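K.L.:
So here's entry22.csv (CSV, C-alpha atoms).
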```
chain,number,residue,atom,x,y,z
A,48,MET,CA,-53.8,-50.7,35.4
A,49,SER,CA,-54.2,-51.8,31.8
A,50,SER,CA,-51.3,-53.7,30.2
A,51,ASP,CA,-51.5,-51.2,27.4
A,52,ALA,CA,-50.8,-48.2,29.6
A,53,LYS,CA,-47.5,-46.3,29.1
A,54,THR,CA,-45.3,-45.1,32.0
A,55,PRO,CA,-43.6,-41.7,31.9
A,56,ALA,CA,-40.3,-43.6,31.3
A,57,ASP,CA,-41.8,-45.2,28.3
A,58,ASP,CA,-42.9,-41.8,26.9
A,59,SER,CA,-39.5,-40.3,27.4
A,60,ALA,CA,-37.5,-43.1,25.9
A,61,PRO,CA,-38.6,-42.7,22.3
A,62,THR,CA,-38.1,-38.9,22.7
A,63,GLU,CA,-34.5,-39.3,23.8
A,64,ARG,CA,-33.8,-41.8,21.0
A,65,ASP,CA,-35.3,-39.4,18.4
A,66,GLY,CA,-33.2,-36.6,19.8
A,67,ALA,CA,-30.1,-38.7,19.5
A,68,ALA,CA,-30.9,-39.6,16.0
A,69,SER,CA,-31.5,-36.0,15.1
A,70,SER,CA,-28.2,-34.9,16.7
A,71,SER,CA,-26.2,-37.5,14.9
A,72,SER,CA,-27.7,-36.8,11.6
A,73,SER,CA,-27.3,-33.0,11.7
A,74,PRO,CA,-24.0,-31.8,10.1
A,75,GLN,CA,-21.1,-30.4,12.1
A,76,GLY,CA,-20.1,-26.9,11.4
A,77,SER,CA,-16.6,-26.1,10.2
A,78,LEU,CA,-14.3,-23.4,11.4
A,79,ARG,CA,-15.1,-21.3,8.4
A,80,ASP,CA,-18.8,-21.7,9.1
A,81,VAL,CA,-18.2,-20.3,12.6
A,82,ALA,CA,-16.1,-17.4,11.2
A,83,ASN,CA,-18.5,-16.6,8.4
A,84,SER,CA,-21.5,-16.5,10.8
A,85,LEU,CA,-19.8,-13.7,12.8
A,86,GLY,CA,-18.2,-11.9,9.9
A,87,ILE,CA,-14.6,-12.6,11.0
A,88,SER,CA,-11.7,-14.5,9.5
A,89,SER,CA,-11.1,-18.2,10.2
A,90,ALA,CA,-7.8,-17.2,11.7
A,91,VAL,CA,-9.4,-14.9,14.3
A,92,ALA,CA,-12.1,-17.5,15.1
A,93,LEU,CA,-9.3,-20.1,15.7
A,94,ARG,CA,-7.4,-17.8,18.0
A,95,ALA,CA,-10.6,-17.0,19.9
A,96,LEU,CA,-11.5,-20.7,20.4
A,97,ARG,CA,-8.0,-21.3,21.7
A,98,GLY,CA,-8.4,-18.5,24.2
A,99,MET,CA,-5.5,-16.4,22.9
A,100,ASP,CA,-4.9,-13.2,24.9
A,101,ASP,CA,-4.8,-10.9,21.9
A,102,ILE,CA,-8.5,-11.6,21.2
A,103,ARG,CA,-11.0,-9.5,23.1
A,104,PRO,CA,-13.0,-11.4,25.8
A,105,ALA,CA,-16.3,-10.5,24.4
A,106,LEU,CA,-15.4,-11.8,21.0
A,107,ARG,CA,-14.0,-15.0,22.5
A,108,ARG,CA,-17.4,-15.6,24.2
A,109,ARG,CA,-19.3,-14.9,20.9
A,110,VAL,CA,-17.1,-17.3,19.0
A,111,GLN,CA,-17.4,-20.0,21.6
A,112,GLU,CA,-21.2,-19.7,21.6
A,113,GLU,CA,-21.4,-19.8,17.9
A,114,ALA,CA,-19.1,-22.8,17.7
A,115,GLU,CA,-21.4,-24.7,20.2
A,116,ARG,CA,-24.5,-23.6,18.2
A,117,LEU,CA,-23.0,-24.9,14.9
A,118,ARG,CA,-21.6,-28.0,16.7
A,119,PHE,CA,-18.0,-27.3,15.6
A,120,PRO,CA,-15.9,-30.2,17.0
A,121,LEU,CA,-13.6,-28.4,19.4
A,122,GLU,CA,-11.4,-31.5,19.6
A,123,GLU,CA,-10.2,-30.8,16.1
A,124,LEU,CA,-8.6,-27.5,17.0
A,125,ALA,CA,-5.2,-29.1,17.1
A,126,GLY,CA,-5.5,-29.9,13.5
A,127,GLU,CA,-6.2,-26.3,12.4
A,128,THR,CA,-3.3,-24.1,11.2
A,129,ASP,CA,-2.6,-21.3,13.6
A,130,HIS,CA,-0.7,-18.0,13.0
A,131,ARG,CA,3.1,-18.1,13.0
A,132,GLY,CA,3.5,-14.5,14.2
A,133,VAL,CA,4.7,-13.4,10.7
A,134,VAL,CA,3.3,-10.6,8.5
A,135,ALA,CA,4.1,-10.6,4.8
A,136,VAL,CA,5.0,-7.3,3.2
A,137,LEU,CA,4.1,-7.5,-0.5
A,138,VAL,CA,6.1,-5.2,-2.9
A,139,ASN,CA,6.3,-4.9,-6.6
A,140,THR,CA,10.0,-4.0,-6.7
A,141,MET,CA,13.1,-4.3,-4.4
A,142,ARG,CA,14.9,-1.3,-6.0
A,143,ASN,CA,13.0,1.5,-4.3
A,144,THR,CA,14.8,2.4,-1.0
A,145,TRP,CA,11.5,3.8,0.3
A,146,ILE,CA,10.5,0.2,1.0
A,147,SER,CA,13.4,-0.3,3.4
A,148,ASP,CA,12.3,2.8,5.4
A,149,LEU,CA,8.7,1.4,5.6
A,150,VAL,CA,9.8,-2.1,6.6
A,151,ARG,CA,12.0,-0.7,9.4
A,152,SER,CA,9.0,1.1,11.0
A,153,ILE,CA,6.7,-1.9,10.4
A,154,ARG,CA,9.1,-4.2,12.2
A,155,ILE,CA,9.5,-1.9,15.1
A,156,GLU,CA,5.7,-1.8,15.6
A,157,LEU,CA,5.3,-5.6,15.1
A,158,THR,CA,8.0,-6.4,17.5
A,159,ALA,CA,6.0,-5.0,20.3
A,160,THR,CA,3.3,-7.6,19.6
A,161,GLY,CA,5.7,-10.5,19.2
A,162,ARG,CA,5.5,-10.6,15.4
A,163,THR,CA,7.9,-10.0,12.6
A,164,ALA,CA,7.8,-9.1,8.9
A,165,VAL,CA,9.1,-10.7,5.7
A,166,VAL,CA,9.4,-8.8,2.5
A,167,VAL,CA,8.0,-10.7,-0.5
A,168,PRO,CA,8.4,-9.5,-4.1
A,169,THR,CA,5.1,-10.3,-5.9
A,170,ARG,CA,6.0,-9.2,-9.4
A,171,ARG,CA,6.7,-11.7,-12.1
A,172,ARG,CA,7.0,-11.4,-15.9
A,173,VAL,CA,5.1,-13.8,-18.1
A,174,PRO,CA,4.8,-14.0,-21.9
A,175,GLU,CA,1.1,-13.0,-22.0
A,176,TYR,CA,1.5,-9.8,-19.9
A,177,PRO,CA,4.3,-7.3,-19.3
A,178,VAL,CA,3.9,-7.6,-15.5
A,179,ALA,CA,1.7,-10.0,-13.5
A,180,ALA,CA,1.3,-10.6,-9.8
A,181,ASP,CA,2.8,-13.8,-8.4
A,182,THR,CA,-0.4,-15.1,-6.8
A,183,ASP,CA,1.2,-18.6,-6.3
A,184,ALA,CA,3.7,-17.0,-3.8
A,185,ILE,CA,0.8,-15.3,-2.0
A,186,GLU,CA,-1.2,-18.5,-1.8
A,187,SER,CA,1.8,-20.3,-0.4
A,188,LEU,CA,2.1,-17.7,2.3
A,189,VAL,CA,-1.5,-18.2,3.3
A,190,ARG,CA,-0.9,-22.0,3.6
A,191,LEU,CA,2.2,-21.3,5.8
A,192,GLY,CA,-0.1,-19.4,8.1
A,193,VAL,CA,1.0,-15.7,8.0
A,194,ASP,CA,-1.0,-13.4,10.2
A,195,GLY,CA,-1.8,-11.1,7.3
A,196,PHE,CA,-0.6,-9.0,4.5
A,197,LEU,CA,0.7,-5.4,4.1
A,198,MET,CA,0.8,-4.1,0.5
A,199,VAL,CA,3.3,-1.4,-0.4
A,200,SER,CA,2.0,0.9,-3.2
A,201,ASP,CA,-0.1,-0.6,-6.0
A,202,LEU,CA,0.5,-4.2,-7.2
A,203,ALA,CA,-0.3,-5.4,-10.7
A,204,ASP,CA,-3.7,-7.2,-11.0
A,205,MET,CA,-4.9,-6.1,-7.6
A,206,ASP,CA,-8.1,-8.1,-7.7
A,207,SER,CA,-6.1,-11.4,-8.1
A,208,VAL,CA,-3.8,-10.3,-5.3
A,209,ILE,CA,-6.6,-9.7,-2.8
A,210,ALA,CA,-8.3,-12.9,-3.8
A,211,ALA,CA,-5.1,-14.9,-3.3
A,212,THR,CA,-4.8,-13.7,0.3
A,213,GLY,CA,-8.1,-15.4,1.2
A,214,ASP,CA,-9.6,-14.3,4.5
A,215,ARG,CA,-6.3,-13.0,5.9
A,216,PRO,CA,-6.3,-9.3,7.0
A,217,PHE,CA,-5.0,-7.0,4.3
A,218,VAL,CA,-3.7,-3.4,4.6
A,219,GLY,CA,-2.5,-1.1,1.9
A,220,ILE,CA,0.4,1.4,2.4
A,221,GLY,CA,1.0,4.4,0.1
A,222,CYS,CA,-1.5,2.9,-2.4
A,223,SER,CA,-4.0,4.6,-4.7
A,224,GLN,CA,-7.3,6.1,-3.5
A,225,GLU,CA,-9.0,3.5,-5.6
A,226,TYR,CA,-8.7,1.0,-2.7
A,227,VAL,CA,-10.3,3.3,-0.1
A,228,GLY,CA,-13.3,1.4,1.4
A,229,ARG,CA,-12.2,-2.0,0.1
A,230,ILE,CA,-9.3,-2.5,2.4
A,231,ASP,CA,-7.7,-0.6,5.3
A,232,THR,CA,-5.5,2.0,3.7
A,233,VAL,CA,-2.7,4.3,5.0
A,234,ARG,CA,-1.8,6.7,2.3
A,235,ILE,CA,0.5,9.7,1.6
A,236,ASP,CA,-1.6,12.8,1.1
A,237,ASP,CA,-0.3,13.5,-2.4
A,238,GLU,CA,-2.5,16.6,-2.7
A,239,VAL,CA,-0.5,18.2,0.1
A,240,GLY,CA,2.8,16.8,-1.1
A,241,GLN,CA,2.6,18.1,-4.6
A,242,GLY,CA,1.2,21.4,-3.4
A,243,LEU,CA,4.1,21.9,-1.1
A,244,LEU,CA,6.6,21.2,-3.9
A,245,VAL,CA,4.9,23.6,-6.3
A,246,ASP,CA,4.6,26.2,-3.6
A,247,HIS,CA,8.3,25.9,-2.9
A,248,LEU,CA,9.3,26.3,-6.6
A,249,VAL,CA,6.9,29.1,-7.3
A,250,GLY,CA,8.2,30.9,-4.2
A,251,LEU,CA,11.7,30.8,-5.9
A,252,GLY,CA,10.2,32.4,-9.0
A,253,HIS,CA,9.7,29.3,-11.2
A,254,GLN,CA,6.7,29.2,-13.5
A,255,ASP,CA,7.7,26.8,-16.2
A,256,ILE,CA,7.5,23.7,-14.1
A,257,ALA,CA,7.2,20.1,-15.5
A,258,HIS,CA,6.3,16.8,-13.8
A,259,VAL,CA,7.7,13.4,-14.7
A,260,GLY,CA,5.3,10.7,-13.9
A,261,GLY,CA,1.7,9.7,-14.4
A,262,VAL,CA,2.1,6.2,-15.7
A,263,GLY,CA,2.9,2.8,-14.3
A,264,ALA,CA,0.4,2.8,-11.4
A,265,ALA,CA,-2.8,4.5,-10.3
A,266,VAL,CA,-1.0,6.4,-7.6
A,267,ALA,CA,1.3,7.9,-10.2
A,268,ARG,CA,-1.7,9.3,-12.1
A,269,GLU,CA,-3.0,10.7,-8.8
A,270,ARG,CA,0.3,12.5,-8.2
A,271,ALA,CA,0.3,14.0,-11.7
A,272,ASP,CA,-3.3,15.2,-11.2
A,273,ALA,CA,-2.3,16.8,-7.9
A,274,PHE,CA,0.6,18.5,-9.6
A,275,ARG,CA,-1.8,20.0,-12.2
A,276,ARG,CA,-4.2,21.3,-9.5
A,277,ALA,CA,-1.3,22.8,-7.5
A,278,MET,CA,-0.2,24.7,-10.6
A,279,ALA,CA,-3.7,25.8,-11.3
A,280,ARG,CA,-4.0,27.2,-7.8
A,281,HIS,CA,-1.1,29.5,-8.7
A,282,GLY,CA,-2.7,30.4,-12.0
A,283,LEU,CA,0.0,28.5,-13.9
A,284,GLU,CA,-2.1,25.7,-15.5
A,285,ASP,CA,-0.9,26.8,-18.9
A,286,HIS,CA,2.7,26.2,-17.8
A,287,ALA,CA,2.1,22.8,-16.3
A,288,ARG,CA,3.6,20.0,-18.4
A,289,ILE,CA,3.5,16.3,-17.7
A,290,GLU,CA,6.2,14.2,-19.3
A,291,PRO,CA,5.1,10.5,-19.1
A,292,GLY,CA,7.3,8.4,-16.7
A,293,ASP,CA,7.0,5.6,-14.2
A,294,PHE,CA,9.0,5.0,-11.0
A,295,THR,CA,12.3,3.9,-12.6
A,296,GLU,CA,15.6,5.7,-13.2
A,297,GLN,CA,15.8,4.6,-16.8
A,298,VAL,CA,12.4,6.1,-17.7
A,299,GLY,CA,13.2,9.1,-15.6
A,300,GLN,CA,16.3,9.7,-17.7
A,301,THR,CA,14.4,9.3,-21.0
A,302,ALA,CA,11.7,11.7,-19.8
A,303,GLY,CA,14.4,14.2,-18.7
A,304,ASN,CA,16.0,14.0,-22.2
A,305,MET,CA,12.7,14.8,-23.8
A,306,LEU,CA,12.2,17.8,-21.5
A,307,LEU,CA,15.7,19.3,-21.9
A,308,ARG,CA,16.2,18.8,-25.6
A,309,GLY,CA,12.9,20.3,-26.7
A,310,SER,CA,12.2,23.8,-28.0
A,311,HIS,CA,10.7,24.9,-24.7
A,312,VAL,CA,12.7,23.8,-21.7
A,313,PRO,CA,11.2,24.1,-18.2
A,314,THR,CA,13.2,25.7,-15.4
A,315,ALA,CA,12.1,23.2,-12.8
A,316,VAL,CA,11.0,19.5,-12.8
A,317,THR,CA,9.2,17.5,-10.1
A,318,CYS,CA,9.2,13.7,-10.2
A,319,ALA,CA,7.0,10.9,-9.1
A,320,ASN,CA,9.7,9.5,-6.8
A,321,ASP,CA,13.4,9.9,-5.9
A,322,VAL,CA,14.5,7.2,-8.3
A,323,THR,CA,12.9,9.0,-11.2
A,324,ALA,CA,14.5,12.2,-10.1
A,325,VAL,CA,17.9,10.6,-10.2
A,326,GLY,CA,17.2,9.7,-13.8
A,327,VAL,CA,16.3,13.4,-14.6
A,328,LEU,CA,19.6,14.5,-12.9
A,329,SER,CA,21.5,12.2,-15.2
A,330,ALA,CA,19.7,13.6,-18.2
A,331,ALA,CA,20.5,17.2,-17.0
A,332,ARG,CA,24.2,16.3,-16.7
A,333,GLU,CA,24.4,14.8,-20.2
A,334,ALA,CA,22.6,17.8,-21.7
A,335,GLY,CA,25.0,20.3,-19.9
A,336,PHE,CA,22.4,21.8,-17.5
A,337,SER,CA,23.8,22.8,-14.1
A,338,VAL,CA,21.6,21.9,-11.2
A,339,PRO,CA,20.2,24.1,-9.6
A,340,ASP,CA,21.5,27.1,-11.5
A,341,GLN,CA,20.0,26.2,-14.8
A,342,LEU,CA,17.4,23.6,-13.7
A,343,ALA,CA,15.7,22.8,-10.4
A,344,VAL,CA,14.9,19.2,-9.7
A,345,ALA,CA,12.7,17.7,-6.9
A,346,GLY,CA,11.9,14.1,-6.0
A,347,TYR,CA,9.3,12.3,-3.8
A,348,GLY,CA,9.9,9.9,-0.9
A,349,ASN,CA,12.9,11.5,0.8
A,350,THR,CA,14.9,8.3,0.5
A,351,SER,CA,18.6,7.8,1.1
A,352,LEU,CA,19.1,8.6,-2.6
A,353,ALA,CA,17.8,12.1,-2.0
A,354,SER,CA,20.1,12.8,0.9
A,355,SER,CA,23.2,11.4,-0.7
A,356,GLY,CA,26.1,13.8,-1.2
A,357,ILE,CA,26.0,13.6,-5.0
A,358,ALA,CA,22.2,14.1,-5.5
A,359,GLN,CA,21.4,16.5,-2.6
A,360,LEU,CA,17.8,16.2,-3.9
A,361,THR,CA,14.9,18.2,-2.6
A,362,SER,CA,12.1,15.7,-1.8
A,363,VAL,CA,8.7,15.2,-0.2
A,364,ASP,CA,9.1,13.3,3.1
A,365,PRO,CA,6.0,11.0,3.4
A,366,ASN,CA,6.6,10.4,7.1
A,367,SER,CA,7.4,6.7,6.5
A,368,ASP,CA,7.7,6.0,10.2
A,369,ARG,CA,4.0,7.0,10.8
A,370,LEU,CA,2.8,5.2,7.6
A,371,GLY,CA,4.5,1.9,8.6
A,372,ALA,CA,3.5,2.1,12.2
A,373,LEU,CA,-0.2,2.9,11.5
A,374,ALA,CA,-0.4,0.1,8.9
A,375,ALA,CA,1.1,-2.4,11.3
A,376,GLN,CA,-1.3,-1.3,14.0
A,377,PHE,CA,-4.3,-1.7,11.7
A,378,LEU,CA,-3.2,-5.2,10.7
A,379,VAL,CA,-2.6,-6.3,14.3
A,380,GLU,CA,-6.0,-5.1,15.3
A,381,ARG,CA,-7.6,-7.0,12.4
A,382,VAL,CA,-5.7,-10.2,13.4
A,383,SER,CA,-7.0,-9.6,17.0
A,384,GLY,CA,-10.6,-9.5,15.8
A,385,HIS,CA,-11.2,-5.8,15.6
A,386,GLU,CA,-14.4,-5.4,13.6
A,387,VAL,CA,-14.9,-2.0,11.9
A,388,GLU,CA,-15.5,-0.7,8.5
A,389,ALA,CA,-12.5,-0.4,6.2
A,390,ARG,CA,-10.4,2.6,7.4
A,391,ASP,CA,-8.4,5.2,5.5
A,392,VAL,CA,-5.8,7.6,6.8
A,393,ALA,CA,-4.0,10.1,4.6
A,394,VAL,CA,-0.8,11.1,6.3
A,395,ALA,CA,0.4,14.7,5.6
A,396,PRO,CA,3.9,14.9,4.2
A,397,THR,CA,6.5,17.7,4.4
A,398,VAL,CA,9.1,19.0,2.0
A,399,VAL,CA,12.9,18.7,2.7
A,400,VAL,CA,14.7,21.4,0.7
A,401,ARG,CA,18.2,20.6,-0.5
A,402,ARG,CA,20.6,21.9,-3.1
A,403,SER,CA,18.8,20.6,-6.2
A,404,SER,CA,16.1,23.3,-5.9
A,405,SER,CA,18.0,26.1,-4.1
A,406,ALA,CA,18.0,28.6,-7.0
A,407,GLY,CA,15.4,30.5,-9.0
A,408,PRO,CA,14.8,30.2,-12.7
A,409,ARG,CA,17.8,30.6,-15.1
A,410,ALA,CA,18.2,33.7,-17.0
A,411,GLU,CA,16.9,33.5,-20.6
A,412,SER,CA,19.6,33.2,-23.2
A,413,PRO,CA,19.6,36.3,-25.5
A,414,LYS,CA,18.3,35.5,-28.9
A,415,ARG,CA,20.6,35.9,-31.8
A,416,LYS,CA,19.9,38.8,-34.1
A,417,ARG,CA,19.3,38.0,-37.7
A,418,ILE,CA,21.8,39.6,-40.1
A,419,SER,CA,20.7,40.3,-43.6
A,420,VAL,CA,23.2,40.3,-46.3
A,421,ASP,CA,22.5,42.5,-49.3
```
Take the structure in the file and write it out as structure tokens.

P.N.:
Amino acid sequence: MSSDAKTPADDSAPTERDGAASSSSSPQGSLRDVANSLGISSAVALRALRGMDDIRPALRRRVQEEAERLRFPLEELAGETDHRGVVAVLVNTMRNTWISDLVRSIRIELTATGRTAVVVPTRRRVPEYPVAADTDAIESLVRLGVDGFLMVSDLADMDSVIAATGDRPFVGIGCSQEYVGRIDTVRIDDEVGQGLLVDHLVGLGHQDIAHVGGVGAAVARERADAFRRAMARHGLEDHARIEPGDFTEQVGQTAGNMLLRGSHVPTAVTCANDVTAVGVLSAAREAGFSVPDQLAVAGYGNTSLASSGIAQLTSVDPNSDRLGALAAQFLVERVSGHEVEARDVAVAPTVVVRRSSSAGPRAESPKRKRISVD
């Protein structure tokens, strides 16, 4: 045998050394790389790699295989931030009692999965803007490791809000149709809600019906548009009047004053929510209008304000129990790695009739006769 001849061992040695060099020089993938390659969040990928029971077995296997392919260092899992079993409920006000109804149903649903909810106001006032979203608070919640976010109604500067939540699951409750397809949404079917209110009032004989709302949020504009369509369905489009108002009692009272002190006073008023309707009731009392004999008033939300002994307010019941439960289910499914297109459910509301709209239109006051003096 020639001294220059190579043995099989000699051939394999350089190959193994080359392979080792190649392995050590190739970069290790991060947890985010693993998640992005599968189209899931980093939080879901982390739970899958840790073998958590709430992640489907098939997804756990896919994540494990992808982690091995990308050479993610599994020994570093202990350093990654895991979920805390907490869901953040983002709200733009703490004054709307509808939120407490939602939070109760959300907590009931989350408790079954070992999670809980914290309510976080995300509205702050800054000199440059009338209202801005507190994205610093949202980013802090991400760092603390919340499971995900539930958004109640529309928040100011929504693009910044969604960006601040990072890759955490995000579900909107009672929000505008503008977000359908972007995030999971569970909405009130306002077309049905406004239609039921108008049907009720028209059934009592009302024709001159006004609506207080339409400003302050996209969902307010959608409710005002639904009111117009409901009036047009009864052939009353020329009688439909929108008095600008948001979701606050103060603006509701101002709008009520405008309606009741004008030359043409409606016989019934629907409102964007119950808080606004309470403001209209205050305006009616100050203007000397008896409710419901001289003016019918209806709210939206069927909150504790509506059922109080003083207000006895007719209101649209949005089925808050179902809204909150569905939204919580969607969020838990996303946290568990459920991969589907953004979902949208419009929950049909009902109308709860109370004293505030229990009478037909008031009789027209007789006009004074002109007396000529010769």

K.L.:
Ranking A:Leu197, A:Val81, A:Ala159, A:Leu342 by minimum distance to Ala406 of chain A and counting all atoms listed in the file, which one comes first?

P.N.:
A:Leu342

K.L.:
So, with only C-alpha atoms as the atoms that count, which of A:Glu269, A:Asp321, A:Glu296, A:Asp368 lies closest to Glu156 of chain A?

P.N.:
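Counting only C-alpha atoms, the residue closest to Glu156 of chain A is A:Asp368.
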
K.L.:
For atom CA of Arg268 of chain A and atom CA of Ile289 of chain A, quote the distance in Å rounded to one decimal.

P.N.:
10.4 Å

K.L.:
Which of these residues is nearest to Gly192 of chain A, using only C-alpha atoms: A:Val165, A:Arg151, A:Gln224, A:Val133?

P.N.:
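Of A:Val165, A:Arg151, A:Gln224, A:Val133, the one nearest Gly192 of chain A, counting only C-alpha atoms, is A:Val133.
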
K.L.:
Between A:Val167, A:Val298, A:Ala345, A:Ile146, which is the closest to Val400 of chain A once you count only C-alpha atoms?

P.N.:
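Among the listed residues, A:Ala345 lies closest to Val400 of chain A.
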
K.L.:
Around (17.7, 7.9, -19.4) in the file's frame, which residues reach within 12 Å when counting all atoms listed in the file? Return as an NGL selection string?

P.N.:
:A and (292 or 295-307 or 322-334)

K.L.:
Quick one: distance from atom CA of Ile230 of chain A to atom CA of Phe217 of chain A in Å, one decimal?

P.N.:
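So the two atoms, atom CA of Ile230 of chain A and atom CA of Phe217 of chain A, lie 6.5 Å apart.
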
K.L.:
Can you tell me, as a list in words, which residues sit within 8 Å of (7.4, 5.9, -13.5) in the file's frame, using all atoms listed in the file?

P.N.:
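Answer for this query, in the requested form: Val259, Gly260, Gly261, Val262, Gly263, Ala264, Ala267, Pro291, Gly292, Asp293, Phe294, Thr295, Val298, Gly299, Ala319, Asn320 and Thr323 of chain A.
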
K.L.:
Compile a residue-level contact table for segment 357-407 of chain A against segment 98-101 of chain A at a cut-off of 10 Å, reporting for every qualifying residue the shortest atom pair and its distance in Å to one decimal, with only C-alpha atoms counted, rows ordered by chain and ascending number, as CSV.

P.N.:
```
residue,atom,partner,partner_atom,distance
A:Val379,CA,A:Asp101,CA,9.2
A:Glu380,CA,A:Asp101,CA,8.9
A:Val382,CA,A:Asp101,CA,8.6
A:Ser383,CA,A:Asp101,CA,5.5
A:Gly384,CA,A:Asp101,CA,8.5
```

K.L.:
Which residues are close to Ser405 of chain A, i.e. within 10 Å by all atoms listed in the file, leaving aside same-chain residues fewer than 2 positions away? Reply as a count of residues only.

P.N.:
16

K.L.:
When you count all atoms listed in the file, which of these residues is closest to Cys222 of chain A: A:Asp237, A:Asp201, A:Asp206, A:Glu411?

P.N.:
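Of A:Asp237, A:Asp201, A:Asp206, A:Glu411, the one nearest Cys222 of chain A is A:Asp201, counting all atoms listed in the file.
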
K.L.:
When you count all atoms listed in the file, which of these residues is closest to Asp272 of chain A: A:Ser337, A:Asn139, A:Ser355, A:Gln241?

P.N.:
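Using all atoms listed in the file, the shortest distance to Asp272 of chain A belongs to A:Gln241.
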
K.L.:
For segment 229-241 of chain A, where the input has fewer atoms than it should, I would like N, CA, C and O atoms rebuilt and written as a PDB file, keeping the file's coordinate frame.

P.N.:
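Output contents, as saved in selection07.pdb:
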```
ATOM      1  N   ARG A 229     -12.310  -0.527   0.322  1.00  0.00           N
ATOM      2  CA  ARG A 229     -12.200  -2.000   0.100  1.00  0.00           C
ATOM      3  C   ARG A 229     -11.334  -2.657   1.091  1.00  0.00           C
ATOM      4  O   ARG A 229     -11.635  -3.777   1.515  1.00  0.00           O
ATOM      5  N   ILE A 230     -10.253  -2.006   1.461  1.00  0.00           N
ATOM      6  CA  ILE A 230      -9.300  -2.500   2.400  1.00  0.00           C
ATOM      7  C   ILE A 230      -8.909  -1.388   3.365  1.00  0.00           C
ATOM      8  O   ILE A 230      -9.170  -0.215   3.067  1.00  0.00           O
ATOM      9  N   ASP A 231      -8.275  -1.693   4.486  1.00  0.00           N
ATOM     10  CA  ASP A 231      -7.700  -0.600   5.300  1.00  0.00           C
ATOM     11  C   ASP A 231      -6.533  -0.012   4.515  1.00  0.00           C
ATOM     12  O   ASP A 231      -5.684  -0.730   3.957  1.00  0.00           O
ATOM     13  N   THR A 232      -6.504   1.313   4.447  1.00  0.00           N
ATOM     14  CA  THR A 232      -5.500   2.000   3.700  1.00  0.00           C
ATOM     15  C   THR A 232      -4.818   3.091   4.528  1.00  0.00           C
ATOM     16  O   THR A 232      -5.495   3.814   5.260  1.00  0.00           O
ATOM     17  N   VAL A 233      -3.500   3.188   4.401  1.00  0.00           N
ATOM     18  CA  VAL A 233      -2.700   4.300   5.000  1.00  0.00           C
ATOM     19  C   VAL A 233      -1.934   4.910   3.881  1.00  0.00           C
ATOM     20  O   VAL A 233      -0.985   4.315   3.365  1.00  0.00           O
ATOM     21  N   ARG A 234      -2.351   6.116   3.472  1.00  0.00           N
ATOM     22  CA  ARG A 234      -1.800   6.700   2.300  1.00  0.00           C
ATOM     23  C   ARG A 234      -1.002   7.966   2.544  1.00  0.00           C
ATOM     24  O   ARG A 234      -1.121   8.579   3.606  1.00  0.00           O
ATOM     25  N   ILE A 235      -0.193   8.345   1.554  1.00  0.00           N
ATOM     26  CA  ILE A 235       0.500   9.700   1.600  1.00  0.00           C
ATOM     27  C   ILE A 235      -0.555  10.656   1.006  1.00  0.00           C
ATOM     28  O   ILE A 235      -1.201  10.390  -0.016  1.00  0.00           O
ATOM     29  N   ASP A 236      -0.711  11.782   1.646  1.00  0.00           N
ATOM     30  CA  ASP A 236      -1.600  12.800   1.100  1.00  0.00           C
ATOM     31  C   ASP A 236      -0.886  13.535  -0.008  1.00  0.00           C
ATOM     32  O   ASP A 236      -0.210  14.547   0.189  1.00  0.00           O
ATOM     33  N   ASP A 237      -1.030  12.992  -1.210  1.00  0.00           N
ATOM     34  CA  ASP A 237      -0.300  13.500  -2.400  1.00  0.00           C
ATOM     35  C   ASP A 237      -0.783  14.914  -2.768  1.00  0.00           C
ATOM     36  O   ASP A 237      -0.032  15.676  -3.387  1.00  0.00           O
ATOM     37  N   GLU A 238      -2.021  15.235  -2.438  1.00  0.00           N
ATOM     38  CA  GLU A 238      -2.500  16.600  -2.700  1.00  0.00           C
ATOM     39  C   GLU A 238      -1.670  17.600  -1.963  1.00  0.00           C
ATOM     40  O   GLU A 238      -1.269  18.628  -2.503  1.00  0.00           O
ATOM     41  N   VAL A 239      -1.394  17.289  -0.705  1.00  0.00           N
ATOM     42  CA  VAL A 239      -0.500  18.200   0.100  1.00  0.00           C
ATOM     43  C   VAL A 239       0.890  18.129  -0.383  1.00  0.00           C
ATOM     44  O   VAL A 239       1.547  19.163  -0.520  1.00  0.00           O
ATOM     45  N   GLY A 240       1.397  16.923  -0.664  1.00  0.00           N
ATOM     46  CA  GLY A 240       2.800  16.800  -1.100  1.00  0.00           C
ATOM     47  C   GLY A 240       3.125  17.543  -2.346  1.00  0.00           C
ATOM     48  O   GLY A 240       4.110  18.303  -2.400  1.00  0.00           O
ATOM     49  N   GLN A 241       2.312  17.369  -3.376  1.00  0.00           N
ATOM     50  CA  GLN A 241       2.600  18.100  -4.600  1.00  0.00           C
ATOM     51  C   GLN A 241       2.352  19.583  -4.453  1.00  0.00           C
ATOM     52  O   GLN A 241       3.069  20.397  -5.042  1.00  0.00           O
TER      53      GLN A 241
END
```
